[in-house]
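S.K.: Got a file for you: protein28.csv, CSV, C-alpha atoms.
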```csv
chain,number,residue,atom,x,y,z
H,1,MET,CA,7.6,0.2,-21.8
H,2,ASP,CA,11.3,-0.8,-21.9
H,3,GLN,CA,13.7,0.7,-19.5
H,4,LYS,CA,17.5,0.8,-19.1
H,5,ILE,CA,20.0,2.5,-16.9
H,6,LEU,CA,22.1,5.3,-18.4
H,7,THR,CA,25.4,6.3,-16.8
H,8,THR,CA,28.0,8.9,-17.4
H,9,THR,CA,30.9,10.4,-15.5
H,10,VAL,CA,30.8,14.2,-15.2
H,11,ARG,CA,34.0,16.1,-14.6
H,12,PRO,CA,33.4,19.8,-13.6
H,13,THR,CA,36.4,22.0,-13.6
H,14,ASP,CA,36.3,22.8,-9.9
H,15,LEU,CA,34.7,19.7,-8.4
H,16,PRO,CA,35.6,16.0,-8.2
H,17,PRO,CA,34.4,13.7,-11.0
H,18,LEU,CA,31.2,11.8,-10.2
H,19,LYS,CA,29.3,9.0,-12.0
H,20,VAL,CA,25.7,10.1,-12.6
H,21,ALA,CA,23.0,7.5,-13.4
H,22,ALA,CA,19.4,7.7,-14.7
H,23,THR,CA,16.6,5.4,-15.7
H,24,HIS,CA,15.6,5.7,-19.4
H,25,TYR,CA,12.1,4.7,-20.2
H,26,VAL,CA,11.9,3.9,-23.9
H,27,SER,CA,8.7,4.5,-25.8
H,28,ALA,CA,7.2,1.3,-27.2
H,29,LYS,CA,6.0,3.3,-30.3
H,30,SER,CA,8.2,3.9,-33.3
H,31,THR,CA,9.5,7.3,-32.5
H,32,GLY,CA,10.2,10.1,-35.0
H,33,PRO,CA,12.3,13.3,-35.0
H,34,ASP,CA,9.4,15.2,-33.4
H,35,ASP,CA,8.8,12.8,-30.5
H,36,PRO,CA,10.2,14.5,-27.3
H,37,VAL,CA,12.6,13.3,-24.7
H,38,PHE,CA,12.1,14.5,-21.1
H,39,PHE,CA,14.9,14.7,-18.6
H,40,CYS,CA,13.1,14.6,-15.2
H,41,LEU,CA,14.1,15.5,-11.7
H,42,PRO,CA,11.9,14.7,-8.7
H,43,GLY,CA,11.0,17.0,-5.8
H,44,GLY,CA,12.9,17.2,-2.5
H,45,GLY,CA,12.5,14.1,-0.4
H,46,LEU,CA,11.6,12.0,-3.4
H,47,SER,CA,13.5,9.6,-5.6
H,48,ARG,CA,13.2,9.2,-9.4
H,49,ARG,CA,10.6,6.5,-8.7
H,50,TYR,CA,8.2,9.4,-8.4
H,51,PHE,CA,7.9,9.3,-12.1
H,52,ASP,CA,6.9,5.6,-12.2
H,53,LEU,CA,4.5,5.2,-9.2
H,54,GLY,CA,2.5,2.3,-10.7
H,55,GLU,CA,-1.2,1.6,-10.6
H,56,SER,CA,-3.9,2.0,-7.9
H,57,ASP,CA,-7.6,1.2,-8.2
H,58,GLY,CA,-7.3,0.7,-11.9
H,59,VAL,CA,-5.6,4.1,-12.6
H,60,ASN,CA,-2.1,4.2,-13.9
H,61,PHE,CA,-0.1,6.8,-11.9
H,62,SER,CA,3.1,6.1,-13.8
H,63,PHE,CA,4.1,9.3,-15.6
H,64,ALA,CA,6.7,7.3,-17.5
H,65,ALA,CA,4.2,4.7,-18.7
H,66,ARG,CA,1.7,7.3,-19.8
H,67,MET,CA,4.2,9.5,-21.6
H,68,THR,CA,6.0,6.6,-23.4
H,69,ALA,CA,2.6,5.4,-24.6
H,70,LEU,CA,2.2,8.8,-26.2
H,71,GLY,CA,5.5,8.5,-28.0
H,72,ALA,CA,7.9,10.3,-25.6
H,73,ASP,CA,11.0,9.0,-24.0
H,74,ILE,CA,11.5,9.7,-20.3
H,75,ILE,CA,14.9,9.9,-18.5
H,76,CYS,CA,14.7,10.2,-14.7
H,77,ALA,CA,17.6,11.0,-12.5
H,78,ASP,CA,18.0,11.2,-8.7
H,79,HIS,CA,19.4,14.3,-7.2
H,80,ILE,CA,23.2,14.4,-6.6
H,81,GLY,CA,23.9,12.5,-3.3
H,82,ILE,CA,20.7,10.4,-3.6
H,83,GLY,CA,20.3,6.8,-4.7
H,84,ASP,CA,22.5,5.7,-7.6
H,85,ASN,CA,23.9,9.2,-7.5
H,86,ALA,CA,25.2,9.0,-4.0
H,87,THR,CA,28.5,10.6,-3.3
H,88,PRO,CA,31.6,9.1,-1.6
H,89,ASP,CA,32.1,9.7,2.2
H,90,ASP,CA,35.0,12.1,1.5
H,91,PHE,CA,33.0,14.1,-1.1
H,92,PRO,CA,33.0,17.9,-0.2
H,93,GLN,CA,29.8,19.7,0.6
H,94,PHE,CA,28.2,21.2,-2.5
H,95,THR,CA,25.6,23.9,-3.3
H,96,PRO,CA,22.7,23.6,-5.6
H,97,ARG,CA,24.6,25.4,-8.4
H,98,GLN,CA,27.4,22.9,-8.0
H,99,ALA,CA,24.9,20.0,-8.1
H,100,ALA,CA,23.5,21.5,-11.2
H,101,GLN,CA,26.8,21.2,-12.9
H,102,TYR,CA,26.7,17.4,-12.5
H,103,LEU,CA,23.1,17.1,-13.6
H,104,SER,CA,23.6,19.4,-16.6
H,105,GLY,CA,26.7,17.4,-17.7
H,106,ALA,CA,24.7,14.2,-17.4
H,107,ALA,CA,21.8,15.6,-19.3
H,108,ALA,CA,24.0,16.7,-22.2
H,109,ALA,CA,25.8,13.3,-22.3
H,110,PHE,CA,22.4,11.4,-22.3
H,111,ARG,CA,21.1,13.7,-25.1
H,112,GLU,CA,24.0,12.7,-27.3
H,113,LYS,CA,23.0,9.0,-26.9
H,114,ILE,CA,19.3,9.8,-27.8
H,115,GLY,CA,19.9,11.8,-30.9
H,116,SER,CA,18.4,15.0,-32.3
H,117,ARG,CA,14.9,14.9,-30.9
H,118,PRO,CA,13.3,17.7,-28.8
H,119,PHE,CA,15.0,17.6,-25.4
H,120,ILE,CA,12.9,19.0,-22.5
H,121,GLY,CA,14.0,19.5,-18.9
H,122,LEU,CA,11.2,18.7,-16.4
H,123,GLY,CA,11.2,19.0,-12.7
H,124,HIS,CA,8.8,18.6,-9.9
H,125,SER,CA,9.0,21.0,-6.9
H,126,MET,CA,12.7,21.2,-5.9
H,127,GLY,CA,13.5,19.3,-9.1
H,128,GLY,CA,11.9,22.1,-11.0
H,129,PHE,CA,14.1,24.6,-9.1
H,130,MET,CA,17.2,22.6,-10.0
H,131,THR,CA,16.0,22.5,-13.6
H,132,MET,CA,15.7,26.3,-13.6
H,133,ILE,CA,19.4,26.5,-12.5
H,134,ILE,CA,20.5,24.0,-15.1
H,135,GLN,CA,18.7,25.7,-18.0
H,136,GLY,CA,19.6,29.2,-17.0
H,137,ALA,CA,23.3,28.4,-16.6
H,138,GLN,CA,24.0,25.8,-19.2
H,139,LYS,CA,20.9,25.7,-21.6
H,140,PRO,CA,21.0,22.0,-22.3
H,141,PHE,CA,17.2,21.9,-23.1
H,142,ASP,CA,15.0,23.0,-25.9
H,143,ALA,CA,12.3,23.8,-23.4
H,144,THR,CA,11.5,23.3,-19.7
H,145,ALA,CA,8.4,22.0,-17.8
H,146,PHE,CA,7.8,22.6,-14.1
H,147,PHE,CA,5.3,20.8,-11.9
H,148,GLY,CA,4.5,22.6,-8.7
H,149,ALA,CA,7.6,24.7,-9.1
H,150,HIS,CA,8.2,28.4,-9.3
H,151,ALA,CA,10.8,31.1,-8.4
H,152,GLN,CA,8.6,33.0,-5.9
H,153,GLY,CA,10.0,31.3,-2.8
H,154,LEU,CA,8.0,30.2,0.3
H,155,ASP,CA,8.4,32.9,2.9
H,156,TRP,CA,6.3,31.0,5.5
H,157,GLY,CA,9.0,28.3,5.8
H,158,LEU,CA,11.9,30.8,6.6
H,159,THR,CA,13.4,32.1,9.8
H,160,ALA,CA,13.9,35.8,10.3
H,161,GLU,CA,17.6,35.5,9.4
H,162,GLU,CA,16.9,33.5,6.3
H,163,LYS,CA,14.4,36.1,5.1
H,164,THR,CA,17.2,38.7,5.1
H,165,PHE,CA,18.7,37.0,2.1
H,166,ILE,CA,15.6,37.4,-0.1
H,167,GLY,CA,16.7,39.0,-3.3
H,168,ARG,CA,20.4,38.8,-2.4
H,169,PRO,CA,21.6,35.8,-4.4
H,170,ASP,CA,25.4,36.5,-4.1
H,171,GLU,CA,25.3,36.9,-0.3
H,172,LEU,CA,23.1,33.8,0.1
H,173,GLU,CA,25.4,31.7,-2.0
H,174,ALA,CA,28.3,32.6,0.3
H,175,VAL,CA,26.5,31.4,3.5
H,176,LEU,CA,24.0,28.8,2.2
H,177,LEU,CA,25.7,25.8,3.5
H,178,ASP,CA,26.1,27.4,7.0
H,179,LEU,CA,22.4,28.3,7.0
H,180,THR,CA,21.5,24.8,5.9
H,181,GLN,CA,23.5,23.3,8.7
H,182,ALA,CA,21.8,25.6,11.2
H,183,LYS,CA,18.3,24.7,10.0
H,184,PHE,CA,18.6,21.0,9.3
H,185,GLY,CA,21.8,19.8,11.0
H,186,ALA,CA,22.9,17.9,7.9
H,187,MET,CA,23.2,18.1,4.1
H,188,PHE,CA,20.7,15.2,3.7
H,189,VAL,CA,17.9,14.4,6.1
H,190,SER,CA,15.1,11.8,6.1
H,191,GLN,CA,11.6,12.9,5.4
H,192,PRO,CA,8.3,11.6,7.0
H,193,GLY,CA,6.7,10.9,3.6
H,194,PRO,CA,3.3,12.1,2.3
H,195,SER,CA,0.8,13.2,4.8
H,196,GLU,CA,-2.4,11.2,5.2
H,197,ASN,CA,-4.1,14.4,6.5
H,198,SER,CA,-3.2,16.8,3.8
H,199,SER,CA,-4.3,17.0,0.2
H,200,ILE,CA,-1.4,19.5,-0.3
H,201,PHE,CA,1.4,17.2,0.7
H,202,GLY,CA,-0.2,13.8,0.2
H,203,GLY,CA,-1.7,11.9,-2.7
H,204,GLU,CA,-5.3,11.3,-3.6
H,205,THR,CA,-5.9,8.2,-1.5
H,206,HIS,CA,-4.2,6.1,1.2
H,207,ALA,CA,-3.1,3.6,-1.4
H,208,ILE,CA,-1.5,6.4,-3.5
H,209,ASN,CA,0.3,7.7,-0.4
H,210,GLU,CA,1.8,4.2,0.0
H,211,LEU,CA,3.1,4.5,-3.6
H,212,LEU,CA,4.5,7.9,-2.8
H,213,LYS,CA,6.2,6.5,0.3
H,214,ASN,CA,7.9,3.9,-1.9
H,215,ALA,CA,9.4,6.8,-3.8
H,216,SER,CA,10.7,8.6,-0.8
H,217,ALA,CA,14.3,9.6,-0.4
H,218,PRO,CA,16.4,11.9,1.8
H,219,LEU,CA,16.0,15.6,1.3
H,220,TYR,CA,19.0,17.5,-0.2
H,221,THR,CA,18.6,20.3,2.3
H,222,PRO,CA,20.6,23.1,0.5
H,223,GLY,CA,18.3,22.7,-2.4
H,224,GLY,CA,15.3,22.7,-0.2
H,225,LEU,CA,16.3,25.9,1.6
H,226,MET,CA,17.5,27.8,-1.4
H,227,SER,CA,14.3,27.1,-3.3
H,228,MET,CA,12.3,28.7,-0.4
H,229,ILE,CA,14.2,32.0,-0.7
H,230,ALA,CA,12.8,34.3,-3.4
H,231,GLY,CA,15.3,35.7,-5.8
H,232,SER,CA,18.0,33.1,-5.0
H,233,ILE,CA,18.4,32.2,-8.6
H,234,MET,CA,17.1,35.3,-10.4
H,235,ARG,CA,20.1,35.4,-12.8
H,236,GLU,CA,19.3,31.9,-14.0
H,237,VAL,CA,15.6,32.5,-14.2
H,238,GLN,CA,16.0,35.6,-16.3
H,239,ALA,CA,18.5,33.8,-18.5
H,240,ILE,CA,15.9,31.2,-19.6
H,241,ASN,CA,15.0,32.1,-23.2
H,242,THR,CA,13.2,28.9,-24.2
H,243,PRO,CA,9.5,27.9,-23.9
H,244,ILE,CA,8.1,27.0,-20.5
H,245,PHE,CA,5.2,24.8,-19.3
H,246,PHE,CA,3.9,25.2,-15.8
H,247,ALA,CA,1.5,22.8,-14.1
H,248,PHE,CA,0.0,23.4,-10.6
H,249,GLY,CA,-2.6,21.7,-8.6
H,250,ASP,CA,-5.4,23.8,-7.4
H,251,ARG,CA,-4.3,22.9,-3.8
H,252,ASP,CA,-0.6,23.5,-4.5
H,253,LEU,CA,2.1,25.4,-2.6
H,254,GLY,CA,3.1,29.0,-3.1
H,255,GLY,CA,1.3,32.0,-4.6
H,256,PRO,CA,-1.3,32.1,-7.3
H,257,PRO,CA,-0.3,30.0,-10.3
H,258,GLN,CA,-0.7,32.9,-12.8
H,259,GLY,CA,2.0,34.8,-11.0
H,260,ALA,CA,4.6,32.0,-11.7
H,261,ALA,CA,5.5,33.5,-15.1
H,262,ALA,CA,6.4,37.0,-13.8
H,263,GLU,CA,10.1,36.4,-13.2
H,264,PHE,CA,10.7,34.6,-16.5
H,265,ILE,CA,11.0,37.8,-18.5
H,266,ASN,CA,12.9,36.3,-21.4
H,267,ALA,CA,11.0,33.1,-22.0
H,268,PRO,CA,9.3,33.5,-25.5
H,269,ASP,CA,6.3,31.4,-24.6
H,270,ILE,CA,4.8,30.3,-21.3
H,271,ARG,CA,1.9,27.9,-20.8
H,272,ILE,CA,0.3,27.5,-17.4
H,273,ILE,CA,-2.3,24.9,-16.4
H,274,VAL,CA,-4.1,24.4,-13.1
H,275,LEU,CA,-5.2,20.8,-12.3
H,276,PRO,CA,-8.5,20.4,-10.5
H,277,GLU,CA,-8.7,18.6,-7.1
H,278,THR,CA,-4.9,18.2,-7.1
H,279,GLY,CA,-2.3,18.8,-4.5
H,280,HIS,CA,1.5,19.4,-4.7
H,281,ASN,CA,2.4,15.9,-5.7
H,282,SER,CA,0.4,16.1,-8.9
H,283,LEU,CA,1.5,12.7,-10.2
H,284,GLY,CA,-0.4,11.1,-7.3
H,285,PHE,CA,-3.8,12.4,-8.4
H,286,SER,CA,-6.3,11.2,-11.1
H,287,SER,CA,-5.6,14.5,-12.9
H,288,ILE,CA,-2.4,12.9,-14.1
H,289,GLY,CA,-4.2,11.9,-17.3
H,290,GLN,CA,-5.1,15.5,-18.1
H,291,LEU,CA,-1.5,16.6,-17.2
H,292,CYS,CA,0.2,14.1,-19.5
H,293,THR,CA,-2.1,14.7,-22.4
H,294,THR,CA,-1.7,18.5,-22.1
H,295,LEU,CA,2.0,18.3,-21.7
H,296,ASN,CA,2.3,15.9,-24.7
H,297,ASP,CA,0.4,18.3,-26.9
H,298,TRP,CA,2.5,21.3,-25.7
H,299,SER,CA,5.8,19.5,-26.3
H,300,ARG,CA,5.0,19.1,-29.9
H,301,THR,CA,4.6,22.8,-30.5
H,302,ILE,CA,8.0,24.0,-29.2
```
Written as structure tokens, that's how I'd like the structure from this file.

M.R.:
Amino acid sequence: MDQKILTTTVRPTDLPPLKVAATHYVSAKSTGPDDPVFFCLPGGGLSRRYFDLGESDGVNFSFAARMTALGADIICADHIGIGDNATPDDFPQFTPRQAAQYLSGAAAAFREKIGSRPFIGLGHSMGGFMTMIIQGAQKPFDATAFFGAHAQGLDWGLTAEEKTFIGRPDELEAVLLDLTQAKFGAMFVSQPGPSENSSIFGGETHAINELLKNASAPLYTPGGLMSMIAGSIMREVQAINTPIFFAFGDRDLGGPPQGAAAEFINAPDIRIIVLPETGHNSLGFSSIGQLCTTLNDWSRTI
């Protein structure tokens, strides 16, 4: 599996220009026009290393390695403000929809470098939420895949004030940064890492939790909060008119997996799988083999 760094400068009309970088994992196989390319975003509190965790006890937990072996290319980007996509000290505060402009512009630029192969947006958790915004607003992808991500919100994580914005996306957008400051105290905050005592938030074993800790990154708090408020991106969700793949662990967050499709009323085809004995960080469980095989098969039908 070869890898290289891709970079591009994105210049939104109403925001400062910013260089966006990503790691491109290149398939060792001779790829053809039907071999997909995945543009991947990690969950909140994780870096793009989440998609290349490495091996533990003889099992390969690298999503990138498994998928490139199947003939796909993988492009992994950090969230805006994280890692190689860090912003300057004088950069203005930005909302998830503004962050999505940078990521969408980068995805489009990277796609031009790859050529005319199926181009699929993929996100885990908050990365899935951001992918929903990107696809609904700009449609750079032929299809989307979401791991442990949905548009139903997480009411249990909200204050009484935050709950008043459920189903009110315009009002929420106007006050989101203020709500974020009140809840977290900063736009980016450090995270404790995977829990050793929780199959929901941890990995399968202690050794895998160590791999997950190596992939930790600060949480982009506006994205974290907005993703917990149901209805916050309903316009974007209902604008998605391309195929969708959902993967959930049987110990995942949120409501029943089968309910995840309800809001995506214009998607022509939706596939949902539930991975056994798997928590929210699905790439940190042995079911990663089933996940990658099923995703690969699906990606060749879109």

S.K.: Which residue out of H:Glu55, H:Asp35, H:Asp297, H:Asp2 has the minimum interatomic distance to Gly115 in chain H when all atoms listed in the file are used?

M.R.: H:Asp35

S.K.: Could you give me, as a ChimeraX atom specification, the residues within 10 Å of range 255-271 of chain H, counting all atoms listed in the file and dropping anything in the same chain fewer than 3 positions from it?

M.R.: /H:143-145,148-154,231,234,236-250,252,274,295,298,302

S.K.: Residues of the last selection are to be written out with C-alpha atoms, as a short mmCIF file (atom, residue, chain, number, x, y, z; two decimals), keeping the file's coordinate frame.

M.R.:
```
data_model
loop_
_atom_site.label_atom_id
_atom_site.label_comp_id
_atom_site.auth_asym_id
_atom_site.auth_seq_id
_atom_site.Cartn_x
_atom_site.Cartn_y
_atom_site.Cartn_z
CA ALA H 143 12.30 23.80 -23.40
CA THR H 144 11.50 23.30 -19.70
CA ALA H 145 8.40 22.00 -17.80
CA GLY H 148 4.50 22.60 -8.70
CA ALA H 149 7.60 24.70 -9.10
CA HIS H 150 8.20 28.40 -9.30
CA ALA H 151 10.80 31.10 -8.40
CA GLN H 152 8.60 33.00 -5.90
CA GLY H 153 10.00 31.30 -2.80
CA LEU H 154 8.00 30.20 0.30
CA GLY H 231 15.30 35.70 -5.80
CA MET H 234 17.10 35.30 -10.40
CA GLU H 236 19.30 31.90 -14.00
CA VAL H 237 15.60 32.50 -14.20
CA GLN H 238 16.00 35.60 -16.30
CA ALA H 239 18.50 33.80 -18.50
CA ILE H 240 15.90 31.20 -19.60
CA ASN H 241 15.00 32.10 -23.20
CA THR H 242 13.20 28.90 -24.20
CA PRO H 243 9.50 27.90 -23.90
CA ILE H 244 8.10 27.00 -20.50
CA PHE H 245 5.20 24.80 -19.30
CA PHE H 246 3.90 25.20 -15.80
CA ALA H 247 1.50 22.80 -14.10
CA PHE H 248 0.00 23.40 -10.60
CA GLY H 249 -2.60 21.70 -8.60
CA ASP H 250 -5.40 23.80 -7.40
CA ASP H 252 -0.60 23.50 -4.50
CA VAL H 274 -4.10 24.40 -13.10
CA LEU H 295 2.00 18.30 -21.70
CA TRP H 298 2.50 21.30 -25.70
CA ILE H 302 8.00 24.00 -29.20
#
```

S.K.: Is there a way to get, as an MDAnalysis selection string, all residues within 10 Å of the point (17.0, 10.2, -7.9) in file coordinates, counting all atoms listed in the file?

M.R.: chainID H and resid 20:23 40:50 76:86 127 215:218

S.K.: Please provide as a list in words all residues within 8 Å of Phe188 in chain H, with the sequence filter that same-chain residues fewer than 4 positions apart are discarded (counting only C-alpha atoms).

M.R.: Pro218, Leu219, Tyr220 and Thr221 of chain H

S.K.: Would you kindly identify which residues have an atom no farther than 6 Å from (0.6, 5.7, -12.6), using only C-alpha atoms and the file's own coordinates, and write them out as a PyMOL selection string?

M.R.: chain H and resi 53-55+60-63

S.K.: So, counting all atoms listed in the file, which residue among H:Lys163, H:Gly289, H:Phe51, H:Arg168 is closest to His124 in chain H?

M.R.: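 Smallest separation from His124 in chain H among the options: H:Phe51.
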
S.K.: Could you jot down the CA of Pro192 in chain H to CA of Phe38 in chain H separation for me, Å, one decimal place?

M.R.: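 Result for CA of Pro192 in chain H versus CA of Phe38 in chain H: 28.5 Å, one decimal.
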
S.K.: Give the answer as one residue: which of H:Leu253, H:Ile134, H:Leu18, H:Ile75 has the shortest atom-to-atom distance to Phe201 in chain H, using only C-alpha atoms?

M.R.: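 Among the listed residues, H:Leu253 lies closest to Phe201 in chain H.
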
S.K.: Which one is closest to Gly71 in chain H: H:Met226, H:Ala109, H:Val175, H:Ala28? Count all atoms listed in the file.

M.R.: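 Once distances to Gly71 in chain H are computed over all atoms listed in the file, the minimum belongs to H:Ala28.
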
S.K.: One decimal, Å: what's the distance from CA of Arg235 in chain H over to CA of Gly167 in chain H, could you say?

M.R.: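 These atoms are spaced 10.7 Å apart.
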
S.K.: What is the distance between CA of Asn209 in chain H and CA of Val189 in chain H, in Å to one decimal?

M.R.: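 These two atoms are separated by 19.9 Å.
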
S.K.: Would you mind telling me which residue in H:Gly284, H:Ile5, H:Gly32, H:Ile233 lies nearest to Glu210 in chain H when using all atoms listed in the file?

M.R.: H:Gly284

S.K.: Ranking H:Ala106, H:Met67, H:Val37, H:Met132 by minimum distance to Phe119 in chain H and counting only C-alpha atoms, which one comes first?

M.R.: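 Closest residue, counting only C-alpha atoms: H:Val37.
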
S.K.: I want to know what sits within 10 Å of Leu158 in chain H, based on only C-alpha atoms, with residues of the same chain fewer than 6 positions away left out; could you give that as a list of chain:residue names?

M.R.: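 The contact residues come out as H:Thr164, H:Lys183, H:Leu225, H:Met228, H:Ile229.
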
S.K.: Kindly write all heavy atoms of range 269-278 of chain H from the structure just given to a file, as a PDB file, in the first residue's frame.

M.R.:
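result_1.pdb was written with the following content:
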```pdb
ATOM      1  N   ASP H 269     -31.370   4.737  -3.008  1.00  0.00           N
ATOM      2  CA  ASP H 269     -31.099   3.402  -2.486  1.00  0.00           C
ATOM      3  C   ASP H 269     -30.326   3.533  -1.183  1.00  0.00           C
ATOM      4  O   ASP H 269     -29.377   4.327  -1.099  1.00  0.00           O
ATOM      5  CB  ASP H 269     -30.278   2.584  -3.492  1.00  0.00           C
ATOM      6  CG  ASP H 269     -30.008   1.176  -3.001  1.00  0.00           C
ATOM      7  OD1 ASP H 269     -30.956   0.377  -2.937  1.00  0.00           O
ATOM      8  OD2 ASP H 269     -28.847   0.886  -2.644  1.00  0.00           O
ATOM      9  N   ILE H 270     -30.743   2.804  -0.162  1.00  0.00           N
ATOM     10  CA  ILE H 270     -30.089   2.864   1.144  1.00  0.00           C
ATOM     11  C   ILE H 270     -29.814   1.451   1.627  1.00  0.00           C
ATOM     12  O   ILE H 270     -30.716   0.614   1.681  1.00  0.00           O
ATOM     13  CB  ILE H 270     -30.949   3.613   2.177  1.00  0.00           C
ATOM     14  CG1 ILE H 270     -31.128   5.081   1.761  1.00  0.00           C
ATOM     15  CG2 ILE H 270     -30.314   3.530   3.568  1.00  0.00           C
ATOM     16  CD1 ILE H 270     -32.025   5.888   2.681  1.00  0.00           C
ATOM     17  N   ARG H 271     -28.557   1.187   1.990  1.00  0.00           N
ATOM     18  CA  ARG H 271     -28.154  -0.114   2.530  1.00  0.00           C
ATOM     19  C   ARG H 271     -27.753   0.096   3.985  1.00  0.00           C
ATOM     20  O   ARG H 271     -26.961   1.000   4.292  1.00  0.00           O
ATOM     21  CB  ARG H 271     -26.969  -0.658   1.722  1.00  0.00           C
ATOM     22  CG  ARG H 271     -26.359  -1.961   2.261  1.00  0.00           C
ATOM     23  CD  ARG H 271     -27.233  -3.152   1.936  1.00  0.00           C
ATOM     24  NE  ARG H 271     -26.721  -4.384   2.538  1.00  0.00           N
ATOM     25  CZ  ARG H 271     -25.753  -5.136   2.013  1.00  0.00           C
ATOM     26  NH1 ARG H 271     -25.170  -4.774   0.878  1.00  0.00           N
ATOM     27  NH2 ARG H 271     -25.380  -6.240   2.608  1.00  0.00           N
ATOM     28  N   ILE H 272     -28.248  -0.731   4.879  1.00  0.00           N
ATOM     29  CA  ILE H 272     -27.923  -0.644   6.301  1.00  0.00           C
ATOM     30  C   ILE H 272     -27.414  -2.002   6.768  1.00  0.00           C
ATOM     31  O   ILE H 272     -28.065  -3.025   6.543  1.00  0.00           O
ATOM     32  CB  ILE H 272     -29.147  -0.235   7.141  1.00  0.00           C
ATOM     33  CG1 ILE H 272     -29.683   1.128   6.700  1.00  0.00           C
ATOM     34  CG2 ILE H 272     -28.782  -0.203   8.630  1.00  0.00           C
ATOM     35  CD1 ILE H 272     -30.969   1.539   7.394  1.00  0.00           C
ATOM     36  N   ILE H 273     -26.244  -2.006   7.414  1.00  0.00           N
ATOM     37  CA  ILE H 273     -25.757  -3.236   8.030  1.00  0.00           C
ATOM     38  C   ILE H 273     -25.491  -2.972   9.505  1.00  0.00           C
ATOM     39  O   ILE H 273     -25.158  -1.845   9.903  1.00  0.00           O
ATOM     40  CB  ILE H 273     -24.490  -3.788   7.349  1.00  0.00           C
ATOM     41  CG1 ILE H 273     -23.287  -2.859   7.570  1.00  0.00           C
ATOM     42  CG2 ILE H 273     -24.727  -4.022   5.866  1.00  0.00           C
ATOM     43  CD1 ILE H 273     -21.964  -3.495   7.187  1.00  0.00           C
ATOM     44  N   VAL H 274     -25.641  -3.994  10.320  1.00  0.00           N
ATOM     45  CA  VAL H 274     -25.352  -3.929  11.748  1.00  0.00           C
ATOM     46  C   VAL H 274     -24.270  -4.965  12.036  1.00  0.00           C
ATOM     47  O   VAL H 274     -24.450  -6.154  11.773  1.00  0.00           O
ATOM     48  CB  VAL H 274     -26.607  -4.193  12.595  1.00  0.00           C
ATOM     49  CG1 VAL H 274     -26.254  -4.119  14.087  1.00  0.00           C
ATOM     50  CG2 VAL H 274     -27.701  -3.187  12.259  1.00  0.00           C
ATOM     51  N   LEU H 275     -23.160  -4.512  12.594  1.00  0.00           N
ATOM     52  CA  LEU H 275     -22.012  -5.370  12.841  1.00  0.00           C
ATOM     53  C   LEU H 275     -22.103  -5.989  14.236  1.00  0.00           C
ATOM     54  O   LEU H 275     -22.313  -5.274  15.223  1.00  0.00           O
ATOM     55  CB  LEU H 275     -20.717  -4.559  12.721  1.00  0.00           C
ATOM     56  CG  LEU H 275     -20.512  -3.882  11.359  1.00  0.00           C
ATOM     57  CD1 LEU H 275     -19.384  -2.866  11.435  1.00  0.00           C
ATOM     58  CD2 LEU H 275     -20.237  -4.920  10.279  1.00  0.00           C
ATOM     59  N   PRO H 276     -21.948  -7.291  14.359  1.00  0.00           N
ATOM     60  CA  PRO H 276     -22.091  -7.946  15.669  1.00  0.00           C
ATOM     61  C   PRO H 276     -20.921  -7.656  16.590  1.00  0.00           C
ATOM     62  O   PRO H 276     -19.776  -7.502  16.146  1.00  0.00           O
ATOM     63  CB  PRO H 276     -22.148  -9.432  15.298  1.00  0.00           C
ATOM     64  CG  PRO H 276     -21.372  -9.527  14.013  1.00  0.00           C
ATOM     65  CD  PRO H 276     -21.669  -8.254  13.285  1.00  0.00           C
ATOM     66  N   GLU H 277     -21.224  -7.566  17.891  1.00  0.00           N
ATOM     67  CA  GLU H 277     -20.215  -7.380  18.935  1.00  0.00           C
ATOM     68  C   GLU H 277     -19.285  -6.214  18.603  1.00  0.00           C
ATOM     69  O   GLU H 277     -18.066  -6.314  18.724  1.00  0.00           O
ATOM     70  CB  GLU H 277     -19.425  -8.674  19.134  1.00  0.00           C
ATOM     71  CG  GLU H 277     -20.295  -9.850  19.570  1.00  0.00           C
ATOM     72  CD  GLU H 277     -19.499 -11.117  19.807  1.00  0.00           C
ATOM     73  OE1 GLU H 277     -18.266 -11.043  19.829  1.00  0.00           O
ATOM     74  OE2 GLU H 277     -20.123 -12.190  19.961  1.00  0.00           O
ATOM     75  N   THR H 278     -19.889  -5.103  18.219  1.00  0.00           N
ATOM     76  CA  THR H 278     -19.138  -3.936  17.741  1.00  0.00           C
ATOM     77  C   THR H 278     -19.686  -2.674  18.376  1.00  0.00           C
ATOM     78  O   THR H 278     -20.902  -2.478  18.458  1.00  0.00           O
ATOM     79  CB  THR H 278     -19.249  -3.835  16.200  1.00  0.00           C
ATOM     80  OG1 THR H 278     -18.729  -5.028  15.618  1.00  0.00           O
ATOM     81  CG2 THR H 278     -18.468  -2.638  15.680  1.00  0.00           C
TER      82      THR H 278
END
```
